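Q: File final-v7.pdb follows (PDB, C-alpha atoms and all ligand atoms):
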```pdb
ATOM      1  CA  MET A  22      -2.243 -21.296   2.628
ATOM      2  CA  LYS A  23      -2.493 -18.133   0.492
ATOM      3  CA  ILE A  24      -0.306 -15.286   1.814
ATOM      4  CA  VAL A  25      -0.425 -11.782   0.327
ATOM      5  CA  VAL A  26       2.894  -9.911   0.145
ATOM      6  CA  ALA A  27       2.431  -6.133  -0.082
ATOM      7  CA  GLY A  28       5.604  -4.520  -1.452
ATOM      8  CA  ALA A  29       6.575  -7.781  -3.143
ATOM      9  CA  THR A  30       9.280  -6.247  -5.345
ATOM     10  CA  GLY A  31      11.257  -4.501  -2.577
ATOM     11  CA  SER A  32      14.523  -5.400  -0.807
ATOM     12  CA  LEU A  33      12.516  -7.358   1.774
ATOM     13  CA  GLY A  34       9.410  -8.209  -0.235
ATOM     14  CA  ARG A  35      11.203 -10.281  -2.861
ATOM     15  CA  HIS A  36      12.646 -12.472  -0.084
ATOM     16  CA  VAL A  37       9.220 -12.741   1.541
ATOM     17  CA  VAL A  38       7.734 -14.034  -1.726
ATOM     18  CA  ALA A  39      10.528 -16.657  -1.935
ATOM     19  CA  ALA A  40      10.070 -17.607   1.738
ATOM     20  CA  VAL A  41       6.308 -18.026   1.282
ATOM     21  CA  ARG A  42       7.007 -20.468  -1.576
ATOM     22  CA  ALA A  43       9.780 -22.243   0.372
ATOM     23  CA  ALA A  44       7.311 -22.823   3.225
ATOM     24  CA  GLY A  45       4.919 -24.529   0.778
ATOM     25  CA  HIS A  46       2.390 -21.666   0.661
ATOM     26  CA  GLU A  47       1.029 -19.635  -2.255
ATOM     27  CA  PRO A  48       2.219 -16.001  -2.512
ATOM     28  CA  VAL A  49       0.036 -13.231  -3.939
ATOM     29  CA  SER A  50       2.282 -10.311  -4.892
ATOM     30  CA  ILE A  51       1.271  -6.672  -4.612
ATOM     31  CA  SER A  52       3.251  -3.726  -5.965
ATOM     32  CA  ARG A  53       2.299  -0.963  -8.378
ATOM     33  CA  ASP A  54       3.609  -3.110 -11.269
ATOM     34  CA  SER A  55       1.118  -5.807 -10.291
ATOM     35  CA  GLY A  56      -1.708  -3.318 -10.874
ATOM     36  CA  VAL A  57      -2.574  -2.446  -7.254
ATOM     37  CA  ASP A  58      -1.602   0.883  -5.705
ATOM     38  CA  LEU A  59      -1.657   0.554  -1.915
ATOM     39  CA  VAL A  60      -2.130   4.312  -1.517
ATOM     40  CA  SER A  61      -5.360   4.453  -3.545
ATOM     41  CA  GLY A  62      -6.415   1.010  -2.337
ATOM     42  CA  ALA A  63      -8.321   0.343  -5.567
ATOM     43  CA  GLY A  64      -8.621  -3.365  -6.344
ATOM     44  CA  LEU A  65      -7.191  -4.406  -2.980
ATOM     45  CA  VAL A  66     -10.212  -6.297  -1.603
ATOM     46  CA  LYS A  67     -10.401  -8.494  -4.710
ATOM     47  CA  ARG A  68      -6.669  -9.333  -4.456
ATOM     48  CA  LEU A  69      -6.997 -10.271  -0.762
ATOM     49  CA  ARG A  70      -9.954 -12.667  -1.037
ATOM     50  CA  GLY A  71      -9.143 -16.203   0.122
ATOM     51  CA  ALA A  72      -5.873 -15.203   1.843
ATOM     52  CA  SER A  73      -4.962 -16.351   5.363
ATOM     53  CA  ALA A  74      -2.553 -13.484   6.022
ATOM     54  CA  VAL A  75      -1.094 -10.272   4.609
ATOM     55  CA  ILE A  76       2.590  -9.492   5.141
ATOM     56  CA  ASP A  77       3.145  -5.761   4.616
ATOM     57  CA  ALA A  78       6.663  -5.151   3.242
ATOM     58  CA  SER A  79       5.773  -1.926   1.435
ATOM     59  CA  ALA A  80       7.717   1.300   1.959
ATOM     60  CA  THR A  81       8.137   4.837   0.703
ATOM     61  CA  SER A  82      11.520   6.066  -0.493
ATOM     62  CA  SER A  83      10.861   9.508   1.015
ATOM     63  CA  ASN A  84      12.781  10.699   4.060
ATOM     64  CA  SER A  85      10.322  13.523   4.732
ATOM     65  CA  ALA A  86       8.376  12.958   7.972
ATOM     66  CA  ARG A  87       5.149  14.292   6.440
ATOM     67  CA  LYS A  88       5.383  12.087   3.341
ATOM     68  CA  SER A  89       6.419   9.056   5.364
ATOM     69  CA  VAL A  90       3.525   9.480   7.833
ATOM     70  CA  ASP A  91       1.102   9.983   4.906
ATOM     71  CA  PHE A  92       2.345   6.867   3.124
ATOM     72  CA  PHE A  93       2.518   4.442   6.038
ATOM     73  CA  THR A  94      -0.783   5.495   7.675
ATOM     74  CA  THR A  95      -2.679   5.507   4.371
ATOM     75  CA  VAL A  96      -1.339   2.095   3.365
ATOM     76  CA  ILE A  97      -1.996   0.408   6.697
ATOM     77  CA  ARG A  98      -5.522   1.854   6.895
ATOM     78  CA  ASN A  99      -6.262   0.672   3.349
ATOM     79  CA  LEU A 100      -4.840  -2.792   4.086
ATOM     80  CA  LEU A 101      -6.669  -3.248   7.415
ATOM     81  CA  SER A 102      -9.963  -2.091   5.887
ATOM     82  CA  ALA A 103      -9.559  -4.378   2.839
ATOM     83  CA  GLU A 104      -8.580  -7.295   5.109
ATOM     84  CA  ARG A 105     -11.789  -6.821   7.127
ATOM     85  CA  GLU A 106     -13.883  -6.736   3.963
ATOM     86  CA  ALA A 107     -12.144  -9.738   2.395
ATOM     87  CA  GLY A 108     -12.151 -11.757   5.637
ATOM     88  CA  VAL A 109      -8.361 -12.016   6.025
ATOM     89  CA  PRO A 110      -7.700 -12.864   9.705
ATOM     90  CA  HIS A 111      -4.018 -11.889  10.124
ATOM     91  CA  HIS A 112      -1.970  -8.751   9.289
ATOM     92  CA  VAL A 113       1.810  -9.014   9.735
ATOM     93  CA  ALA A 114       3.742  -5.728   9.910
ATOM     94  CA  ILE A 115       7.431  -4.891  10.114
ATOM     95  CA  SER A 116       8.968  -1.907  11.855
ATOM     96  CA  ILE A 117      12.431  -0.764  12.869
ATOM     97  CA  VAL A 118      14.224  -1.160  16.212
ATOM     98  CA  GLY A 119      14.514   2.286  17.836
ATOM     99  CA  ALA A 120      11.967   4.004  15.542
ATOM    100  CA  ALA A 121       9.969   5.312  18.524
ATOM    101  CA  THR A 122      13.077   6.968  19.985
ATOM    102  CA  VAL A 123      13.743   8.825  16.724
ATOM    103  CA  ASN A 124      10.154   9.622  15.649
ATOM    104  CA  ALA A 125      11.416  11.942  12.893
ATOM    105  CA  ASN A 126      12.018  11.772   9.126
ATOM    106  CA  TYR A 127      11.202   8.309   7.672
ATOM    107  CA  TYR A 128      10.944   6.893  11.199
ATOM    108  CA  ALA A 129       7.974   9.165  11.994
ATOM    109  CA  GLY A 130       6.027   7.178   9.403
ATOM    110  CA  LYS A 131       6.989   3.882  11.040
ATOM    111  CA  VAL A 132       5.832   5.143  14.456
ATOM    112  CA  ALA A 133       2.519   6.336  12.971
ATOM    113  CA  GLN A 134       2.101   2.973  11.198
ATOM    114  CA  GLU A 135       2.682   1.130  14.492
ATOM    115  CA  GLN A 136       0.118   3.355  16.253
ATOM    116  CA  VAL A 137      -2.606   2.641  13.675
ATOM    117  CA  LEU A 138      -1.832  -1.073  13.883
ATOM    118  CA  GLN A 139      -1.835  -1.220  17.670
ATOM    119  CA  ALA A 140      -5.186   0.607  17.785
ATOM    120  CA  ALA A 141      -6.731  -2.292  15.855
ATOM    121  CA  PRO A 142      -8.472  -4.617  18.316
ATOM    122  CA  SER A 143      -6.886  -7.897  17.163
ATOM    123  CA  GLY A 144      -5.686  -9.869  14.176
ATOM    124  CA  TRP A 145      -2.175  -8.450  13.896
ATOM    125  CA  SER A 146       1.481  -9.233  14.593
ATOM    126  CA  LEU A 147       4.361  -6.735  14.595
ATOM    127  CA  LEU A 148       8.054  -7.552  14.202
ATOM    128  CA  ARG A 149      10.734  -4.890  14.728
ATOM    129  CA  THR A 150      14.170  -5.523  13.208
ATOM    130  CA  THR A 151      17.435  -3.691  12.753
ATOM    131  CA  GLN A 152      18.649  -2.454   9.342
ATOM    132  CA  PHE A 153      19.015  -5.095   6.633
ATOM    133  CA  HIS A 154      22.399  -5.931   5.056
ATOM    134  CA  GLU A 155      20.668  -4.686   1.886
ATOM    135  CA  PHE A 156      20.344  -1.236   3.549
ATOM    136  CA  VAL A 157      24.035  -0.710   2.720
ATOM    137  CA  GLN A 158      23.129  -0.824  -0.986
ATOM    138  CA  GLN A 159      20.459   1.828  -0.342
ATOM    139  CA  VAL A 160      23.005   4.007   1.531
ATOM    140  CA  VAL A 161      25.474   3.669  -1.349
ATOM    141  CA  GLY A 162      22.758   4.548  -3.876
ATOM    142  CA  HIS A 163      21.709   7.702  -2.015
ATOM    143  CA  GLY A 164      25.151   8.912  -0.910
ATOM    144  CA  LYS A 165      27.131   9.471  -4.117
ATOM    145  CA  VAL A 166      28.202  13.129  -4.111
ATOM    146  CA  GLY A 167      30.524  13.987  -6.996
ATOM    147  CA  PRO A 168      33.590  11.745  -6.651
ATOM    148  CA  PHE A 169      32.806  10.973  -2.973
ATOM    149  CA  GLN A 170      30.671   8.499  -1.096
ATOM    150  CA  VAL A 171      28.954  10.192   1.825
ATOM    151  CA  VAL A 172      27.824   7.902   4.666
ATOM    152  CA  PRO A 173      26.003   8.806   7.886
ATOM    153  CA  ALA A 174      27.893   8.184  11.125
ATOM    154  CA  MET A 175      25.842   5.220  12.288
ATOM    155  CA  ARG A 176      25.985   2.194  14.557
ATOM    156  CA  SER A 177      23.889  -0.724  13.356
ATOM    157  CA  GLN A 178      23.539  -4.466  13.901
ATOM    158  CA  PRO A 179      22.333  -5.460  10.434
ATOM    159  CA  ILE A 180      20.465  -8.626   9.501
ATOM    160  CA  ALA A 181      19.926 -10.413   6.180
ATOM    161  CA  ALA A 182      16.545  -9.556   4.628
ATOM    162  CA  ALA A 183      16.184 -13.267   3.781
ATOM    163  CA  GLU A 184      16.316 -14.153   7.484
ATOM    164  CA  VAL A 185      13.740 -11.450   8.295
ATOM    165  CA  ALA A 186      11.526 -12.800   5.499
ATOM    166  CA  ALA A 187      11.648 -16.344   6.910
ATOM    167  CA  GLU A 188      10.626 -14.997  10.318
ATOM    168  CA  LEU A 189       7.711 -12.994   8.853
ATOM    169  CA  VAL A 190       6.420 -16.090   7.047
ATOM    170  CA  ALA A 191       6.689 -18.167  10.237
ATOM    171  CA  ILE A 192       4.664 -15.475  12.045
ATOM    172  CA  ALA A 193       2.094 -15.309   9.217
ATOM    173  CA  SER A 194       1.670 -19.103   9.358
ATOM    174  CA  GLY A 195       0.526 -18.953  13.003
ATOM    175  CA  ASP A 196      -2.125 -17.049  14.925
ATOM    176  CA  PRO A 197      -1.835 -13.261  15.372
ATOM    177  CA  CYS A 198       0.442 -12.585  18.345
ATOM    178  CA  GLY A 199       0.789  -8.789  18.739
ATOM    179  CA  VAL A 200       4.287  -7.369  19.246
ATOM    180  CA  VAL A 201       6.909 -10.115  18.952
ATOM    181  CA  PRO A 202      10.471  -9.847  20.346
ATOM    182  CA  GLU A 203      12.946  -7.835  18.253
ATOM    183  CA  LEU A 204      15.146  -9.521  15.669
ATOM    184  CA  ALA A 205      18.721  -8.424  14.836
ATOM    185  CA  GLY A 206      21.831  -9.563  13.024
ATOM    186  CA  PRO A 207      24.776 -11.241  14.748
ATOM    187  CA  ARG A 208      27.041  -8.271  15.476
ATOM    188  CA  GLU A 209      27.306  -4.495  15.760
ATOM    189  CA  GLU A 210      28.902  -2.745  12.783
ATOM    190  CA  ARG A 211      29.777   0.781  11.757
ATOM    191  CA  MET A 212      27.960   1.888   8.591
ATOM    192  CA  ALA A 213      31.032   3.570   7.060
ATOM    193  CA  ASP A 214      32.999   0.301   7.380
ATOM    194  CA  LEU A 215      30.181  -1.682   5.736
ATOM    195  CA  VAL A 216      30.026   0.807   2.864
ATOM    196  CA  ARG A 217      33.824   0.615   2.367
ATOM    197  CA  ARG A 218      33.633  -3.181   2.255
ATOM    198  CA  TYR A 219      30.667  -3.085  -0.144
ATOM    199  CA  LEU A 220      32.431  -0.639  -2.499
ATOM    200  CA  ALA A 221      35.631  -2.731  -2.465
ATOM    201  CA  ALA A 222      33.729  -5.979  -3.094
ATOM    202  CA  THR A 223      31.822  -4.458  -6.019
ATOM    203  CA  GLY A 224      34.919  -2.862  -7.614
ATOM    204  CA  GLN A 225      33.922   0.743  -6.897
ATOM    205  CA  ARG A 226      36.720   3.093  -5.911
ATOM    206  CA  ARG A 227      35.827   6.389  -4.228
ATOM    207  CA  PRO A 228      36.696   7.977  -0.887
ATOM    208  CA  VAL A 229      34.143   7.376   1.873
ATOM    209  CA  ILE A 230      33.289  10.438   3.963
ATOM    210  CA  GLU A 231      31.512   9.719   7.248
ATOM    211  CA  VAL A 232      29.258  12.610   8.317
ATOM    212  CA  PRO A 233      27.211  13.145  11.487
ATOM    213  CA  VAL A 234      23.582  13.679  10.436
ATOM    214  CA  PRO A 235      21.914  16.560  12.356
ATOM    215  CA  GLY A 236      18.734  16.160  14.414
ATOM    216  CA  ALA A 237      17.071  13.337  16.358
ATOM    217  CA  TRP A 238      17.551  10.811  13.567
ATOM    218  CA  GLY A 239      21.305  11.457  13.301
ATOM    219  CA  ARG A 240      21.742  11.398  17.087
ATOM    220  CA  ALA A 241      19.983   8.033  17.297
ATOM    221  CA  MET A 242      22.214   6.662  14.540
ATOM    222  CA  ARG A 243      25.318   7.641  16.496
ATOM    223  CA  ASN A 244      24.310   6.938  20.087
ATOM    224  CA  GLY A 245      23.211   3.323  19.714
ATOM    225  CA  SER A 246      19.423   3.903  19.864
ATOM    226  CA  LEU A 247      19.035   1.813  16.699
ATOM    227  CA  LEU A 248      20.815  -1.186  18.238
ATOM    228  CA  PRO A 249      18.755  -4.134  19.527
ATOM    229  CA  SER A 250      17.721  -4.320  23.164
ATOM    230  CA  ALA A 251      19.082  -6.986  25.513
ATOM    231  CA  GLY A 252      16.104  -9.295  24.940
ATOM    232  CA  ALA A 253      16.409  -9.278  21.142
ATOM    233  CA  ARG A 254      16.800 -12.503  19.185
ATOM    234  CA  ARG A 255      19.789 -12.723  16.837
ATOM    235  CA  ARG A 256      20.116 -14.337  13.434
ATOM    236  CA  ARG A 257      23.217 -15.949  11.980
ATOM    237  CA  GLN A 258      24.351 -14.380   8.700
ATOM    238  CA  THR A 259      27.099 -11.753   9.049
ATOM    239  CA  PHE A 260      27.477  -8.838   6.659
ATOM    240  CA  GLY A 261      30.661 -10.475   5.319
ATOM    241  CA  GLU A 262      28.850 -13.719   4.504
ATOM    242  CA  TRP A 263      26.017 -11.784   2.861
ATOM    243  CA  LEU A 264      28.544  -9.777   0.836
ATOM    244  CA  GLU A 265      30.168 -12.949  -0.530
ATOM    245  CA  THR A 266      26.907 -13.959  -2.186
ATOM    246  CA  HIS A 267      25.647 -10.496  -3.172
ATOM    247  CA  ALA A 268      28.711  -8.566  -4.313
ATOM    248  CA  GLY A 269      28.282  -9.712  -7.912
TER
HETATM  249  N1  LIG B   1      15.589  -1.477   4.591
HETATM  250  C1  LIG B   1      15.852  -1.735   5.895
HETATM  251  O1  LIG B   1      17.022  -1.786   6.328
HETATM  252  C2  LIG B   1      14.703  -2.013   6.859
HETATM  253  C3  LIG B   1      14.992  -2.391   8.184
HETATM  254  C4  LIG B   1      13.937  -2.675   9.066
HETATM  255  C5  LIG B   1      12.617  -2.582   8.614
HETATM  256  N2  LIG B   1      12.381  -2.192   7.330
HETATM  257  C6  LIG B   1      10.975  -2.126   6.865
HETATM  258  O2  LIG B   1      10.765  -3.170   5.921
HETATM  259  C7  LIG B   1       9.767  -2.767   4.978
HETATM  260  C8  LIG B   1      10.314  -2.955   3.558
HETATM  261  O3  LIG B   1      11.438  -2.098   3.377
HETATM  262  P1  LIG B   1      12.349  -2.215   2.067
HETATM  263  O4  LIG B   1      13.626  -1.527   2.367
HETATM  264  O5  LIG B   1      12.333  -3.629   1.563
HETATM  265  O6  LIG B   1      11.509  -1.304   1.035
HETATM  266  P2  LIG B   1      11.773  -1.098  -0.534
HETATM  267  O7  LIG B   1      12.928  -1.885  -1.006
HETATM  268  O8  LIG B   1      11.774   0.383  -0.759
HETATM  269  O9  LIG B   1      10.448  -1.724  -1.222
HETATM  270  C9  LIG B   1       9.230  -1.058  -1.132
HETATM  271  C10 LIG B   1       8.143  -1.903  -1.786
HETATM  272  O10 LIG B   1       6.888  -1.208  -1.641
HETATM  273  C11 LIG B   1       6.260  -1.135  -2.917
HETATM  274  N3  LIG B   1       5.447   0.072  -3.002
HETATM  275  C12 LIG B   1       5.826   1.360  -2.765
HETATM  276  N4  LIG B   1       4.784   2.194  -2.967
HETATM  277  C13 LIG B   1       3.727   1.407  -3.320
HETATM  278  C14 LIG B   1       2.377   1.671  -3.644
HETATM  279  N5  LIG B   1       1.881   2.940  -3.647
HETATM  280  N6  LIG B   1       1.568   0.649  -3.983
HETATM  281  C15 LIG B   1       2.040  -0.631  -3.997
HETATM  282  N7  LIG B   1       3.310  -0.956  -3.688
HETATM  283  C16 LIG B   1       4.142   0.057  -3.356
HETATM  284  C17 LIG B   1       7.424  -1.116  -3.896
HETATM  285  O11 LIG B   1       7.012  -1.539  -5.173
HETATM  286  P3  LIG B   1       6.731  -0.531  -6.395
HETATM  287  O12 LIG B   1       7.577   0.684  -6.189
HETATM  288  O13 LIG B   1       7.121  -1.363  -7.573
HETATM  289  O14 LIG B   1       5.271  -0.256  -6.349
HETATM  290  C18 LIG B   1       8.345  -2.141  -3.269
HETATM  291  O15 LIG B   1       7.897  -3.438  -3.607
HETATM  292  C19 LIG B   1       9.409  -1.312   5.345
HETATM  293  O16 LIG B   1       8.281  -1.327   6.189
HETATM  294  C20 LIG B   1      10.628  -0.832   6.114
HETATM  295  O17 LIG B   1      10.344   0.234   6.996
HETATM  296  C21 LIG B   1      13.367  -1.917   6.437
END
```
The structure given in the file should be rewritten as structure tokens.
A:
Amino acid sequence: MKIVVAGATGSLGRHVVAAVRAAGHEPVSISRDSGVDLVSGAGLVKRLRGASAVIDASATSSNSARKSVDFFTTVIRNLLSAEREAGVPHHVAISIVGAATVNANYYAGKVAQEQVLQAAPSGWSLLRTTQFHEFVQQVVGHGKVGPFQVVPAMRSQPIAAAEVAAELVAIASGDPCGVVPELAGPREERMADLVRRYLAATGQRRPVIEVPVPGAWGRAMRNGSLLPSAGARRRRQTFGEWLETHAG
């Protein structure tokens, strides 16, 4: 089975490519480096021909609501249109637990992406997960301010991107099934604690300052709106176990 991975070089996408191979399928990688820009859509139909499914793991790095909505709606429209033309029967999308409650900043783009997807008559599956363990690396990268590490006050129940990737490939290997039950990591954590542990494990020494982020996004981070619902499925790997293999 040929499975296209859009956003193949990202935190999630690289694990999806590995999981496609591990499941005995053939991955087709898409990122700008591979010569296909998902925003222009040029060359997409050709790349999709012969595939059984597309897993969309692409993302924008922008936290602006306007840019995020532009990116995610343009990309999903281009993918769905190219899939129709190339005869690909299954689109697999990933979104974030609690995105609809926030519907601001980056999350506004995820909500808009979900809306475009759910307006499509059939042929799609949608998995919502919590933050990845790898998200801590992204927080560390964005939050260096002078000698300090600034971290949003945030409750999260993070999951390993590798475990999300395995789930996406299992979904892509079956028939389209619409919205599937949420997936989360094994336990609730506080983002500032995870960042402290990550900095210590990677030999970085700077004071961590936890700050409440203003607005709907910040409120949701603090009040538990980004935590999984009662019916969510949980995966095994803790942040500590992930850190042991990724700190180097
Ligand atoms: N990170 C989390 O904690 C988390 C949690 C739940 C759900 N999610 C969702 O999981 C998905 C992947 O997130 P991520 O954190 O893995 O993203 P990421 O690390 O930022 O990776 C984004 C990927 O998209 C590609 N990309 C960006 N613009 C592109 C374009 N114009 N054309 C082609 N490729 C493009 C990037 O490759 P190039 O830049 O090389 O083109 C890269 O491969 C997103 O839908 C995100 O909302 C993330």
Q: Neighbours of ligand LIG 1 (chain B) within 8 Å, counting all atoms listed in the file, as an MDAnalysis selection string?
A: chainID A and resid 27:35 51:55 57:61 77:82 92 96 114:118 128 131 149:157 159 179 182
Q: What would the selection look like, as an MDAnalysis selection string, if the PyMOL selection byres (((chain A and resi 193) around 8) and not hetatm) were run on the coordinates I just shared?
A: chainID A and resid 24 74:76 111:113 189:192 194:197
Q: Work out how far CA of Gln134 in chain A is from CA of Ala213 in chain A, in Å to one decimal.
A: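 Atom-to-atom, CA of Ala213 in chain A to CA of Gln134 in chain A, that is 29.2 Å.
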Q: What is the CA of Leu69 in chain A-CA of Arg87 in chain A distance in Å, reported with one decimal?
A: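 Computing it gives 28.3 Å between the two atoms.
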Q: Let me make sure I understand: among A:Leu101, A:Val25, A:Val201, A:Ala237, which one has the smallest atom-to-atom distance to Gly144 in chain A if we use only C-alpha atoms?
A: A:Leu101
Q: Mind pulling up the distance from CA of Gly252 in chain A to CA of Trp238 in chain A?
A: 23.1 Å
Q: Would you kindly identify which residues have an atom no farther than 10 Å from (34.7, 3.4, -4.8), using all atoms listed in the file and the file's own coordinates, and write them out as a list in words?
A: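 With a cut-off of 10 Å, the residues come to Val161, Lys165, Pro168, Phe169, Gln170, Val216, Arg217, Arg218, Tyr219, Leu220, Ala221, Ala222, Thr223, Gly224, Gln225, Arg226, Arg227, Pro228 and Val229 of chain A.
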Q: For this file, the PyMOL selection byres (((chain A and resi 109) around 7) and not hetatm) selects which residues, as an MDAnalysis selection string?
A: chainID A and resid 72:74 104:105 107:108 110:111
Q: Care to translate the PyMOL selection byres (((chain A and resi 173) around 7) and not hetatm) into actual residues of this file, as an MDAnalysis selection string?
A: chainID A and resid 171:172 174:175 231:234
Q: Between A:Ala125, A:Ala120, A:Ala133, A:Ala63, which residue has the minimum interatomic distance to Asn84 in chain A, considering all atoms listed in the file?
A: A:Ala125
Q: Contacts of range 244-251 of chain A at 6 Å or less, counting only C-alpha atoms, minus same-chain residues fewer than 6 places along, as a PDB file with C-alpha atoms, keeping the file's coordinate frame?
A:
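The resulting out05.pdb:
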```
ATOM      1  CA  VAL A 118      14.224  -1.160  16.212  1.00  0.00           C
ATOM      2  CA  GLY A 119      14.514   2.286  17.836  1.00  0.00           C
ATOM      3  CA  ARG A 176      25.985   2.194  14.557  1.00  0.00           C
ATOM      4  CA  SER A 177      23.889  -0.724  13.356  1.00  0.00           C
TER       5      SER A 177
END
```
Q: Name the closest residue to Glu184 in chain A among the candidates A:Leu204, A:Ala129, A:Gly62, A:Leu138; distances are taken between atoms, counting all atoms listed in the file.
A: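 Nearest to Glu184 in chain A: A:Leu204.
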Q: Nearest to Trp263 in chain A among A:Pro207, A:Gly130, A:Gly56, A:Pro142, with distances taken over only C-alpha atoms: which residue is it?
A: A:Pro207
Q: Tell me which of A:Arg255, A:Thr94, A:Ala141, A:Val185 sits closest to Glu209 in chain A, counting all atoms listed in the file.
A: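 Nearest candidate to Glu209 in chain A out of A:Arg255, A:Thr94, A:Ala141, A:Val185: A:Arg255.
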Q: For each of A:Ile180, A:Gly199, A:Pro235, A:Ala186, take the minimum atom-to-atom distance to Ala43 in chain A, counting only C-alpha atoms, then give the residue where this is smallest.
A: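 Closest residue, counting only C-alpha atoms: A:Ala186.
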Q: Centre and edge lengths, as JSON, for the axis-aligned box enclosing every listed atom of range 105-123 of chain A with 3 Å of padding on each of the six sides, in Å to one decimal?
A:
```
{"center_x": 0.3, "center_y": -2.0, "center_z": 11.2, "size_x": 34.4, "size_y": 27.7, "size_z": 23.6}
```
Q: Pull out range 42-61 of chain A, keep N, CA and C atoms, and write it as a JSON list (two decimals), in the first residue's frame.
A:
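Below is the file that was written, result29.json:
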```json
[["chain", "number", "residue", "atom", "x", "y", "z"],
["A", 42, "ARG", "N", 6.67, 2.60, 6.95],
["A", 42, "ARG", "CA", 7.64, 1.54, 6.58],
["A", 42, "ARG", "C", 7.51, 0.34, 7.51],
["A", 43, "ALA", "N", 7.42, 0.62, 8.82],
["A", 43, "ALA", "CA", 7.35, -0.48, 9.81],
["A", 43, "ALA", "C", 6.11, -1.35, 9.59],
["A", 44, "ALA", "N", 5.05, -0.74, 9.03],
["A", 44, "ALA", "CA", 3.82, -1.51, 8.78],
["A", 44, "ALA", "C", 3.89, -2.23, 7.44],
["A", 45, "GLY", "N", 5.02, -2.12, 6.74],
["A", 45, "GLY", "CA", 5.20, -2.85, 5.48],
["A", 45, "GLY", "C", 4.63, -2.12, 4.27],
["A", 46, "HIS", "N", 4.35, -0.81, 4.43],
["A", 46, "HIS", "CA", 3.81, -0.03, 3.31],
["A", 46, "HIS", "C", 4.91, 0.86, 2.73],
["A", 47, "GLU", "N", 4.56, 1.55, 1.63],
["A", 47, "GLU", "CA", 5.53, 2.40, 0.94],
["A", 47, "GLU", "C", 5.20, 3.88, 1.20],
["A", 48, "PRO", "N", 6.08, 4.63, 1.89],
["A", 48, "PRO", "CA", 5.77, 6.05, 2.11],
["A", 48, "PRO", "C", 6.16, 6.91, 0.91],
["A", 49, "VAL", "N", 5.36, 7.94, 0.67],
["A", 49, "VAL", "CA", 5.71, 8.98, -0.31],
["A", 49, "VAL", "C", 5.76, 10.28, 0.48],
["A", 50, "SER", "N", 6.95, 10.87, 0.59],
["A", 50, "SER", "CA", 7.13, 12.03, 1.47],
["A", 50, "SER", "C", 6.88, 13.35, 0.74],
["A", 51, "ILE", "N", 6.14, 14.23, 1.41],
["A", 51, "ILE", "CA", 5.94, 15.58, 0.88],
["A", 51, "ILE", "C", 6.35, 16.61, 1.92],
["A", 52, "SER", "N", 7.24, 17.51, 1.49],
["A", 52, "SER", "CA", 7.59, 18.71, 2.25],
["A", 52, "SER", "C", 8.15, 19.66, 1.19],
["A", 53, "ARG", "N", 8.44, 20.89, 1.55],
["A", 53, "ARG", "CA", 8.94, 21.79, 0.51],
["A", 53, "ARG", "C", 10.26, 21.31, -0.07],
["A", 54, "ASP", "N", 11.10, 20.67, 0.80],
["A", 54, "ASP", "CA", 12.38, 20.12, 0.33],
["A", 54, "ASP", "C", 12.19, 19.07, -0.76],
["A", 55, "SER", "N", 11.04, 18.36, -0.68],
["A", 55, "SER", "CA", 10.81, 17.28, -1.65],
["A", 55, "SER", "C", 10.31, 17.84, -2.98],
["A", 56, "GLY", "N", 10.14, 19.18, -3.04],
["A", 56, "GLY", "CA", 9.76, 19.80, -4.31],
["A", 56, "GLY", "C", 8.27, 20.07, -4.45],
["A", 57, "VAL", "N", 7.47, 19.81, -3.40],
["A", 57, "VAL", "CA", 6.04, 20.11, -3.48],
["A", 57, "VAL", "C", 5.66, 21.07, -2.36],
["A", 58, "ASP", "N", 5.10, 22.23, -2.75],
["A", 58, "ASP", "CA", 4.61, 23.18, -1.76],
["A", 58, "ASP", "C", 3.10, 22.98, -1.61],
["A", 59, "LEU", "N", 2.68, 22.60, -0.42],
["A", 59, "LEU", "CA", 1.26, 22.29, -0.19],
["A", 59, "LEU", "C", 0.38, 23.53, -0.30],
["A", 60, "VAL", "N", 0.98, 24.71, -0.15],
["A", 60, "VAL", "CA", 0.18, 25.94, -0.24],
["A", 60, "VAL", "C", -0.12, 26.28, -1.70],
["A", 61, "SER", "N", 0.84, 26.12, -2.58],
["A", 61, "SER", "CA", 0.57, 26.35, -4.01],
["A", 61, "SER", "C", -0.16, 25.15, -4.61]]
```
